[in-house]
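The file start11.txt comes next; it holds compact mmCIF, C-alpha atoms.
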# COMPACT_ATOMS: atom_id res chain seq x y z
CA MET S 252 -16.86 21.35 3.75
CA ALA S 253 -15.96 23.82 6.50
CA ALA S 254 -15.51 20.97 8.97
CA TYR S 255 -13.29 19.14 6.49
CA ARG S 256 -11.07 22.21 6.01
CA ALA S 257 -10.84 22.67 9.75
CA ARG S 258 -9.69 19.07 10.17
CA LEU S 259 -7.22 19.51 7.32
CA LYS S 260 -5.75 22.49 9.14
CA GLU S 261 -5.56 20.60 12.44
CA VAL S 262 -3.73 17.66 10.87
CA ASP S 263 -1.28 19.96 9.08
CA GLU S 264 -0.57 21.86 12.28
CA GLU S 265 0.27 18.65 14.12
CA LEU S 266 2.42 17.28 11.29
CA GLY S 267 4.17 20.63 10.88
CA LYS S 268 5.77 20.49 14.31
CA GLU S 269 9.41 19.47 14.62
CA GLU S 270 8.49 17.46 17.72
CA ILE S 271 5.15 15.83 17.01
CA ASN S 272 2.84 15.35 19.96
CA LEU S 273 1.54 11.85 19.25
CA THR S 274 -1.34 12.16 21.69
CA SER S 275 -2.57 15.36 20.03
CA LEU S 276 -2.10 13.87 16.56
CA LYS S 277 -4.14 10.80 17.49
CA SER S 278 -6.90 12.99 18.90
CA VAL S 279 -7.14 14.79 15.55
CA CYS S 280 -6.79 11.64 13.44
CA PHE S 281 -9.55 9.88 15.34
CA HIS S 282 -12.07 11.97 13.40
CA GLY S 283 -10.60 10.95 10.07
CA ILE S 284 -7.43 11.74 8.13
CA PRO S 285 -7.77 13.67 4.86
CA ASP S 286 -6.67 11.65 1.83
CA GLU S 287 -4.91 14.57 0.19
CA GLN S 288 -1.13 14.80 -0.23
CA GLY S 289 -0.31 11.55 1.52
CA ARG S 290 -1.40 12.70 4.97
CA ARG S 291 -2.95 9.34 5.84
CA SER S 292 0.13 7.25 5.05
CA LEU S 293 2.34 9.62 7.04
CA CYS S 294 0.00 9.61 10.04
CA TRP S 295 -0.22 5.83 9.94
CA ARG S 296 3.58 5.57 9.96
CA LEU S 297 3.58 7.67 13.13
CA MET S 298 0.64 5.97 14.86
CA LEU S 299 2.04 2.50 14.11
CA ASN S 300 5.31 3.53 15.78
CA TYR S 301 7.42 3.28 12.65
CA LEU S 302 8.42 6.93 12.65
CA PRO S 303 9.54 8.65 15.86
CA CYS S 304 8.00 11.91 17.02
CA SER S 305 11.21 13.84 16.35
CA LYS S 306 11.46 14.80 12.69
CA ALA S 307 15.20 15.32 13.02
CA SER S 308 15.73 11.56 13.31
CA TRP S 309 13.43 10.53 10.45
CA SER S 310 16.09 10.46 7.74
CA LYS S 311 18.51 8.35 9.77
CA ILE S 312 15.88 5.84 10.88
CA LEU S 313 14.28 5.52 7.45
CA THR S 314 17.64 4.90 5.81
CA LYS S 315 18.51 2.27 8.41
CA LYS S 316 15.17 0.46 8.19
CA ARG S 317 15.01 0.46 4.41
CA LYS S 318 18.57 -0.81 4.15
CA LEU S 319 17.71 -3.58 6.62
CA TYR S 320 14.71 -4.60 4.54
CA GLY S 321 16.94 -4.78 1.47
CA GLN S 322 19.20 -7.16 3.36
CA PHE S 323 16.21 -9.37 4.19
CA ILE S 324 15.48 -9.67 0.47
CA ASP S 325 19.10 -10.47 -0.35
CA GLU S 326 19.36 -13.16 2.33
CA MET S 327 15.94 -14.80 2.24
CA ILE S 328 14.68 -14.52 -1.33
CA GLY S 329 16.20 -16.86 -3.87
CA MET S 330 17.41 -20.42 -4.17
CA PRO S 331 20.15 -22.00 -2.05
CA GLY S 332 23.52 -22.81 -3.52
CA PRO S 333 25.96 -20.86 -5.69
CA GLU S 334 24.33 -18.16 -7.75
CA ASN S 335 26.47 -18.84 -10.78
CA ILE S 336 25.02 -22.32 -11.36
CA ASN S 337 22.62 -22.34 -14.27
CA ASP S 338 20.04 -24.88 -15.31
CA ASN S 339 22.49 -26.66 -17.65
CA SER S 340 25.26 -26.99 -15.07
CA ARG S 341 26.08 -30.32 -13.48
CA VAL S 342 26.13 -30.30 -9.70
CA ASP S 343 28.19 -32.71 -7.64
CA VAL S 344 25.58 -34.26 -5.33
CA THR S 345 28.31 -35.54 -3.02
CA PHE S 346 28.46 -32.06 -1.52
CA ASP S 347 27.04 -31.77 2.00
CA ASP S 348 24.10 -29.62 0.91
CA HIS S 349 22.08 -30.34 -2.22
CA PRO S 350 18.38 -30.67 -3.17
CA LEU S 351 18.30 -34.37 -2.23
CA SER S 352 20.02 -33.93 1.11
CA LEU S 353 18.27 -35.47 4.13
CA ASN S 354 20.21 -33.34 6.59
CA PRO S 355 17.62 -31.43 8.70
CA GLU S 356 19.94 -28.42 8.71
CA SER S 357 20.14 -28.38 4.92
CA GLU S 358 19.26 -25.07 3.28
CA TRP S 359 17.40 -27.04 0.65
CA GLN S 360 15.24 -28.71 3.29
CA THR S 361 14.33 -25.26 4.59
CA TYR S 362 13.69 -24.07 1.05
CA PHE S 363 11.15 -26.82 0.38
CA LYS S 364 9.42 -26.32 3.74
CA ASP S 365 9.13 -22.60 2.99
CA ASN S 366 7.36 -23.46 -0.23
CA ASP S 367 4.50 -25.01 1.75
CA VAL S 368 3.93 -21.64 3.44
CA LEU S 369 4.53 -19.75 0.25
CA LEU S 370 1.87 -21.77 -1.56
CA GLN S 371 -0.81 -20.49 0.84
CA ILE S 372 0.48 -16.92 0.67
CA ASP S 373 0.44 -17.06 -3.13
CA LYS S 374 -3.19 -18.19 -3.16
CA ASP S 375 -4.28 -15.51 -0.69
CA VAL S 376 -2.58 -12.49 -2.25
CA ARG S 377 -4.10 -13.31 -5.63
CA ARG S 378 -7.51 -12.83 -4.04
CA LEU S 379 -6.66 -9.55 -2.33
CA CYS S 380 -9.30 -6.81 -2.74
CA PRO S 381 -10.97 -8.33 -5.82
CA ASP S 382 -13.39 -5.38 -6.03
CA ILE S 383 -10.61 -3.10 -7.25
CA SER S 384 -7.90 -3.63 -9.86
CA PHE S 385 -5.11 -1.94 -7.91
CA PHE S 386 -3.28 -5.08 -6.79
CA GLN S 387 -3.28 -6.47 -10.32
CA GLN S 388 -1.55 -3.38 -11.70
CA PRO S 389 2.25 -2.98 -11.97
CA THR S 390 4.07 -1.06 -9.28
CA ASP S 391 6.03 2.02 -10.27
CA TYR S 392 8.94 0.90 -8.12
CA PRO S 393 9.61 -2.85 -8.57
CA CYS S 394 12.46 -4.47 -6.67
CA GLN S 395 15.17 -4.47 -9.33
CA ASP S 396 17.09 -7.29 -7.69
CA VAL S 397 14.01 -9.51 -8.01
CA VAL S 398 12.50 -8.54 -11.36
CA ASN S 399 15.85 -8.77 -13.17
CA SER S 400 16.91 -12.08 -11.63
CA GLY S 401 15.84 -14.21 -14.56
CA GLY S 402 12.97 -15.54 -12.49
CA THR S 403 15.11 -17.12 -9.76
CA LYS S 404 13.84 -14.69 -7.12
CA ARG S 405 10.22 -14.45 -8.26
CA LEU S 406 8.35 -16.15 -5.42
CA HIS S 407 5.35 -17.18 -7.46
CA ARG S 408 7.65 -19.22 -9.71
CA ARG S 409 8.51 -21.46 -6.75
CA VAL S 410 4.92 -22.62 -6.31
CA GLN S 411 3.47 -22.32 -9.80
CA HIS S 412 1.52 -25.34 -10.96
CA SER S 413 2.75 -27.76 -13.60
CA PHE S 414 0.31 -29.23 -16.08
CA LEU S 415 0.47 -32.40 -18.13
CA ASN S 416 -0.69 -32.74 -21.67
CA SER S 417 -3.64 -35.07 -22.17
CA ALA S 418 -4.95 -36.72 -25.31
CA ASN S 419 -8.39 -37.89 -26.32
CA VAL S 420 -8.17 -40.91 -28.60
CA GLU S 421 -11.12 -41.71 -30.86
CA ARG S 422 -11.27 -45.13 -32.52
CA LYS S 423 -13.24 -46.08 -35.57
CA GLY S 424 -13.20 -49.69 -36.53
CA LEU S 425 -9.71 -51.13 -36.09
CA GLY S 426 -7.71 -47.95 -36.51
CA ILE S 427 -6.99 -44.78 -34.58
CA THR S 428 -8.57 -41.92 -36.44
CA LYS S 429 -7.90 -38.94 -34.18
CA ILE S 430 -5.68 -37.87 -31.29
CA ALA S 431 -6.72 -34.55 -29.79
CA LEU S 432 -4.08 -33.01 -27.54
CA ALA S 433 -5.24 -30.68 -24.80
CA VAL S 434 -3.59 -28.76 -21.99
CA LYS S 435 -5.82 -27.97 -19.04
CA LYS S 436 -4.74 -25.00 -17.02
CA ALA S 437 -6.65 -23.07 -14.42
CA THR S 438 -7.13 -19.42 -15.18
CA GLU S 439 -5.24 -17.03 -12.94
CA ASP S 440 -7.07 -14.14 -11.31
CA TYR S 441 -3.90 -12.12 -10.88
CA ALA S 442 -1.37 -12.89 -13.59
CA PRO S 443 2.34 -12.27 -12.86
CA MET S 444 4.11 -9.51 -14.74
CA GLU S 445 6.83 -9.99 -17.31
CA GLU S 446 10.53 -9.79 -16.49
CA GLY S 447 11.48 -6.28 -15.40
CA SER S 448 8.19 -5.44 -13.70
CA GLU S 449 5.93 -6.81 -10.98
CA ALA S 450 2.36 -6.35 -9.82
CA HIS S 451 1.40 -4.99 -6.42
CA TRP S 452 0.19 -8.42 -5.28
CA GLU S 453 3.68 -9.79 -5.93
CA VAL S 454 5.11 -7.12 -3.63
CA VAL S 455 2.61 -8.04 -0.91
CA GLU S 456 3.50 -11.71 -1.38
CA ARG S 457 7.17 -10.91 -0.75
CA ILE S 458 6.38 -8.90 2.40
CA LEU S 459 4.26 -11.69 3.87
CA PHE S 460 6.86 -14.33 3.00
CA LEU S 461 9.62 -12.36 4.72
CA TYR S 462 7.39 -11.81 7.74
CA ALA S 463 6.76 -15.55 7.98
CA LYS S 464 10.48 -16.29 7.68
CA LEU S 465 11.36 -13.80 10.40
CA ASN S 466 8.60 -14.99 12.73
CA PRO S 467 8.87 -18.80 12.65
CA GLY S 468 6.98 -19.16 15.93
CA GLN S 469 3.89 -17.74 14.29
CA GLY S 470 4.55 -18.01 10.58
CA TYR S 471 1.87 -17.04 8.11
CA VAL S 472 -1.81 -17.50 8.90
CA GLN S 473 -4.67 -16.94 6.49
CA GLY S 474 -6.13 -13.49 7.03
CA MET S 475 -2.82 -11.69 7.37
CA ASN S 476 -3.15 -10.75 3.71
CA GLU S 477 -6.32 -8.83 4.60
CA ILE S 478 -4.47 -6.95 7.36
CA ILE S 479 -1.56 -5.90 5.18
CA GLY S 480 -3.70 -4.96 2.16
CA PRO S 481 -5.03 -1.56 3.37
CA ILE S 482 -1.63 -0.55 4.77
CA TYR S 483 0.18 -1.30 1.53
CA TYR S 484 -2.54 0.37 -0.53
CA SER S 485 -2.27 3.55 1.53
CA PHE S 486 1.53 3.65 1.20
CA ALA S 487 1.71 2.62 -2.47
CA THR S 488 -0.81 5.30 -3.54
CA ASP S 489 0.98 8.14 -1.76
CA PRO S 490 1.19 11.03 -4.25
CA ASN S 491 4.68 11.88 -2.98
CA PRO S 492 7.15 9.69 -4.95
CA GLU S 493 9.76 10.01 -2.19
CA TRP S 494 7.44 8.07 0.14
CA ARG S 495 5.83 5.88 -2.52
CA GLU S 496 9.19 4.54 -3.70
CA PHE S 497 9.73 2.84 -0.34
CA ALA S 498 6.15 1.69 0.22
CA GLU S 499 7.26 -1.95 0.40
CA ALA S 500 9.87 -1.54 3.13
CA ASP S 501 7.78 0.90 5.16
CA CYS S 502 4.73 -1.35 4.88
CA PHE S 503 6.73 -4.34 6.13
CA PHE S 504 7.74 -2.61 9.36
CA CYS S 505 4.32 -1.03 9.97
CA PHE S 506 2.65 -4.40 9.39
CA THR S 507 5.14 -6.05 11.77
CA ASN S 508 4.37 -3.46 14.46
CA LEU S 509 0.63 -3.92 14.04
CA MET S 510 0.96 -7.70 14.14
CA SER S 511 2.86 -7.42 17.42
CA GLU S 512 -0.40 -6.08 18.89
CA ILE S 513 -2.80 -8.57 17.30
CA ARG S 514 -0.63 -11.64 16.75
CA ASP S 515 -2.42 -13.54 19.55
CA PHE S 516 -5.58 -13.43 17.41
CA PHE S 517 -3.79 -15.67 14.89
CA ILE S 518 -2.38 -18.21 17.38
CA LYS S 519 -4.95 -20.86 18.24
CA THR S 520 -3.23 -21.95 21.44
CA LEU S 521 -3.68 -18.42 22.81
CA ASP S 522 -7.41 -18.14 22.06
CA ASP S 523 -8.24 -18.33 25.78
CA ALA S 524 -5.46 -15.97 26.87
CA GLU S 525 -6.20 -12.47 28.13
CA SER S 526 -5.11 -11.11 24.75
CA GLY S 527 -6.72 -13.94 22.77
CA ILE S 528 -9.66 -13.73 20.39
CA LYS S 529 -12.13 -15.45 22.75
CA ARG S 530 -11.62 -12.81 25.41
CA LEU S 531 -12.19 -10.11 22.81
CA MET S 532 -15.42 -11.75 21.69
CA ALA S 533 -16.52 -11.99 25.32
CA ARG S 534 -15.96 -8.24 25.70
CA LEU S 535 -18.08 -7.62 22.62
CA SER S 536 -20.86 -9.79 24.03
CA ALA S 537 -20.74 -7.90 27.33
CA GLU S 538 -20.88 -4.55 25.55
CA LEU S 539 -23.89 -5.62 23.51
CA LYS S 540 -25.64 -6.79 26.68
CA LEU S 541 -24.92 -3.43 28.32
CA HIS S 542 -26.13 -1.21 25.48
CA ASP S 543 -28.97 -3.23 23.98
CA PRO S 544 -30.27 -5.96 26.33
CA PRO S 545 -33.25 -6.92 24.09
CA VAL S 546 -31.00 -7.67 21.10
CA PHE S 547 -28.55 -9.53 23.33
CA GLN S 548 -31.39 -11.61 24.79
CA ARG S 549 -32.83 -12.32 21.35
CA LEU S 550 -29.54 -13.68 20.06
CA GLN S 551 -29.12 -15.74 23.24
CA GLN S 552 -32.55 -17.28 22.84
CA GLN S 553 -31.70 -18.28 19.27
CA ASP S 554 -28.33 -19.74 20.33
CA LEU S 555 -26.73 -17.35 17.87
CA HIS S 556 -23.32 -17.30 19.51
CA ILE S 557 -21.03 -14.32 19.15
CA GLN S 558 -18.30 -16.36 17.42
CA TYR S 559 -20.62 -17.18 14.52
CA TYR S 560 -20.22 -13.68 13.11
CA SER S 561 -17.71 -11.63 15.12
CA PHE S 562 -14.63 -13.84 14.76
CA ARG S 563 -13.87 -12.43 11.31
CA TRP S 564 -14.81 -8.89 12.36
CA LEU S 565 -12.33 -8.81 15.24
CA THR S 566 -9.52 -10.92 13.81
CA LEU S 567 -9.31 -8.97 10.55
CA LEU S 568 -10.08 -5.56 12.10
CA LEU S 569 -13.21 -5.20 9.93
CA SER S 570 -11.15 -5.24 6.74
CA GLN S 571 -13.59 -7.69 5.12
CA GLU S 572 -16.82 -6.01 6.20
CA PHE S 573 -16.67 -2.75 4.26
CA PRO S 574 -15.37 -1.38 0.96
CA LEU S 575 -11.71 -0.38 1.07
CA PRO S 576 -12.30 3.41 1.38
CA ASP S 577 -14.46 2.80 4.47
CA VAL S 578 -11.87 0.41 5.91
CA LEU S 579 -9.23 3.11 5.58
CA ARG S 580 -11.52 5.53 7.40
CA ILE S 581 -12.25 3.07 10.22
CA TRP S 582 -8.56 2.33 10.62
CA ASP S 583 -7.84 6.04 11.04
CA SER S 584 -9.84 5.89 14.27
CA LEU S 585 -8.61 2.42 15.18
CA PHE S 586 -4.94 3.41 15.01
CA ALA S 587 -5.66 6.72 16.76
CA ASP S 588 -7.42 5.13 19.71
CA GLU S 589 -5.10 4.76 22.69
CA LYS S 590 -6.93 1.62 23.82
CA ARG S 591 -7.12 0.39 20.23
CA PHE S 592 -9.44 -2.57 20.74
CA SER S 593 -11.99 -0.74 22.84
CA PHE S 594 -12.92 1.26 19.77
CA LEU S 595 -12.95 -1.88 17.63
CA ILE S 596 -15.41 -3.53 20.04
CA SER S 597 -17.64 -0.46 20.05
CA ILE S 598 -17.72 -0.35 16.26
CA CYS S 599 -18.65 -4.05 16.16
CA CYS S 600 -21.36 -3.45 18.74
CA ALA S 601 -22.65 -0.60 16.60
CA MET S 602 -22.81 -2.91 13.58
CA ILE S 603 -25.17 -5.17 15.52
CA ILE S 604 -27.33 -2.37 16.92
CA VAL S 605 -27.74 -0.85 13.46
CA LEU S 606 -29.61 -4.06 12.54
CA ARG S 607 -31.66 -3.99 15.74
CA ASP S 608 -35.17 -3.96 14.26
CA GLN S 609 -34.43 -6.72 11.77
CA LEU S 610 -32.71 -8.90 14.38
CA LEU S 611 -35.62 -8.67 16.79
CA ALA S 612 -38.12 -9.58 14.07
CA SER S 613 -36.23 -12.37 12.27
CA ASP S 614 -35.50 -16.05 12.89
CA PHE S 615 -32.14 -17.75 13.41
CA PRO S 616 -31.18 -18.44 9.74
CA THR S 617 -32.09 -14.90 8.68
CA ASN S 618 -30.16 -13.33 11.54
CA VAL S 619 -27.06 -15.43 10.92
CA LYS S 620 -27.05 -14.46 7.26
CA MET S 621 -27.69 -10.80 8.12
CA LEU S 622 -24.76 -10.63 10.54
CA GLN S 623 -22.35 -12.55 8.33
CA VAL S 624 -22.93 -10.58 5.15
CA LYS S 625 -20.69 -7.62 4.36
CA GLN S 626 -22.01 -4.21 5.32
CA ASN S 627 -23.13 -2.28 2.23
CA ALA S 628 -22.77 1.16 3.76
CA PHE S 629 -20.68 2.79 6.42
CA LEU S 630 -21.95 3.21 9.96
CA TYR S 631 -22.66 6.91 9.81
CA ILE S 632 -25.92 6.12 8.01
CA GLU S 633 -27.38 4.90 11.29
CA MET S 634 -24.97 6.58 13.70
CA LYS S 635 -27.73 8.58 15.40
CA GLN S 636 -29.08 5.34 16.85
CA ILE S 637 -25.86 4.62 18.76
CA ASP S 638 -24.55 8.04 19.79
CA PHE S 639 -25.41 7.42 23.41
CA PHE S 640 -22.80 4.72 23.98
CA MET S 641 -20.18 5.82 21.46
CA PHE S 642 -19.91 9.14 23.28
CA SER S 643 -19.73 7.45 26.68
CA GLU S 644 -16.91 5.18 25.49
CA PHE S 645 -14.81 7.89 23.85
CA PRO S 646 -15.60 11.27 25.47
CA SER S 647 -11.96 12.37 25.26
CA HIS S 648 -12.20 12.36 21.46
CA GLY S 649 -15.28 14.54 21.49
CA TYR S 650 -17.22 11.97 19.51
CA SER S 651 -20.42 13.01 17.82
CA SER S 652 -22.62 11.55 15.11
CA GLY S 653 -20.90 13.80 12.60
CA ALA S 654 -17.46 12.48 13.37
CA PHE S 655 -17.51 10.01 10.50
CA LYS S 656 -19.02 12.33 7.92
CA GLY S 657 -17.14 14.15 5.23
CA CYS S 658 -13.94 12.11 5.58
Now, as a test, write the supplied structure out as structure tokens.
Amino acid sequence: MAAYRARLKEVDEELGKEEINLTSLKSVCFHGIPDEQGRRSLCWRLMLNYLPCSKASWSKILTKKRKLYGQFIDEMIGMPGPENINDNSRVDVTFDDHPLSLNPESEWQTYFKDNDVLLQIDKDVRRLCPDISFFQQPTDYPCQDVVNSGGTKRLHRRVQHSFLNSANVERKGLGITKIALAVKKATEDYAPMEEGSEAHWEVVERILFLYAKLNPGQGYVQGMNEIIGPIYYSFATDPNPEWREFAEADCFFCFTNLMSEIRDFFIKTLDDAESGIKRLMARLSAELKLHDPPVFQRLQQQDLHIQYYSFRWLTLLLSQEFPLPDVLRIWDSLFADEKRFSFLISICCAMIIVLRDQLLASDFPTNVKMLQVKQNAFLYIEMKQIDFFMFSEFPSHGYSSGAFKGC
């Protein structure tokens, strides 16, 4: 408890400065950011380069960014064509742009192509963090322009499934005795909210859709929903309503900044590049060989290649390997690390070494399953086994086996 209070004081001292020293703040945050009073979400905004170090410019920049995000919603969410046309209106299809237009520059052509991307986003956000109910709950600050649009700007409406009625006909003798009508509809894990409100997953869906629209060279790739989930959760649960109200806009820009660092992980053509995922996996393999040669050799003998289990670890920044509270704690250190991915590789190496005894004693199928299954507990349970290389990798942070405790 004393160590926790000391860290609380250190974080407050750094955040209390008019000119925040980002290097000093990261050094403190590496050991974990206290959850109380929205400290984590504020530190993440700083470490993800959304907020500048000078507090005097915060108000101006936040107003500018949040207004810009509002413009993105106005321009990119909704159907093409005049807004005053309702479902019962007749449209002159001789106009240059209409839903049946074959012009490649037609807004309707773009609209339908966007729906292909939106369909995948809609599926993924409905599966976000199924262990908790947070993303199924309504947000306190829905986008009024969307939730009061009569459904025209609700993204899930664009890709919702249609179902046909079916009938079972039973015959007895020469006549029809029974016609049983039935409507088959798949159950939804995350049901949309009624008009005037929206669930958190709908907000995340909108952020990812806008990101895909603004980054056509990359678009949306499965797994991005797992990257944005912890960021949005941290911002949307901020106890300060002044920050929580703008969780959506702030999350969009923080997510965009983070993706600028890891976007090569999601582009297959760059897998072999210096910043690609294969190079990162090769670094993990080299680190394992350096710190635990017997385990490395064992996995080599079994042809248990590093990509069989580490691809998801590295691409999704471990967001799928631990419960959400532990992911938040790991990301405190990940965002605070100046080298960023050096710490990620060391954590992944630690995850393998923690299982050392079992890996050396087990066969290929058992080891594959062991490495691919989610971790049930955070690394500090076995941290004493790996202090020797964690300290050597991050001596500037003063790492010790107690660094992950009490956070």
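Distance check against Gln388 in chain S using all atoms listed in the file: of S:Arg291, S:His451, S:Lys374, S:Lys364, the minimum falls on S:His451.
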Give me, as a list in words, all polymer residues having an atom no more than 9 Å from Asn618 in chain S, counting all atoms listed in the file and skipping those fewer than 4 positions away in the same chain.
Leu550, Leu555, Gln609, Leu610, Leu611, Ser613, Asp614, Leu622 and Gln623 of chain S
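As for CA of Ala500 in chain S and CA of Asp396 in chain S, they are spaced 14.2 Å apart.
The smallest atom-to-atom distance between Leu509 in chain S and any of S:Asp554, S:Arg591, S:Gln387, S:Lys316, using all atoms listed in the file, is found for S:Arg591.
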Length of the CA of Asp608 in chain S to CA of Phe573 in chain S vector [Å]:
21.1 Å
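CA of Glu449 in chain S lies 6.8 Å from CA of Val398 in chain S.
Distances from S:Tyr255, S:Phe592, S:Tyr471, S:Trp582 to Ile528 in chain S were compared using only C-alpha atoms, and the smallest one belongs to S:Phe592.
Ranking S:Asp365, S:Glu264, S:Asp286, S:Glu269 by their shortest atom-to-atom distance to Arg580 in chain S, with only C-alpha atoms included, puts S:Asp286 first.
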Of S:Gly329, S:Pro574, S:Pro616, S:Pro467, the one nearest to Asp382 in chain S when counting only C-alpha atoms is S:Pro574
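Using only C-alpha atoms, the contacts of range 400-402 of chain S at a cut-off of 9 Å, with sequence neighbours closer than 4 positions omitted, comprise Gln395, Asp396, Leu406, Arg408, Glu446 and Gly447 of chain S.
Minimum atom-to-atom distances from S:Leu569, S:Ile458, S:Leu579, S:Leu297 to Ser485 in chain S were compared using all atoms listed in the file, and the lowest value belongs to S:Leu579.
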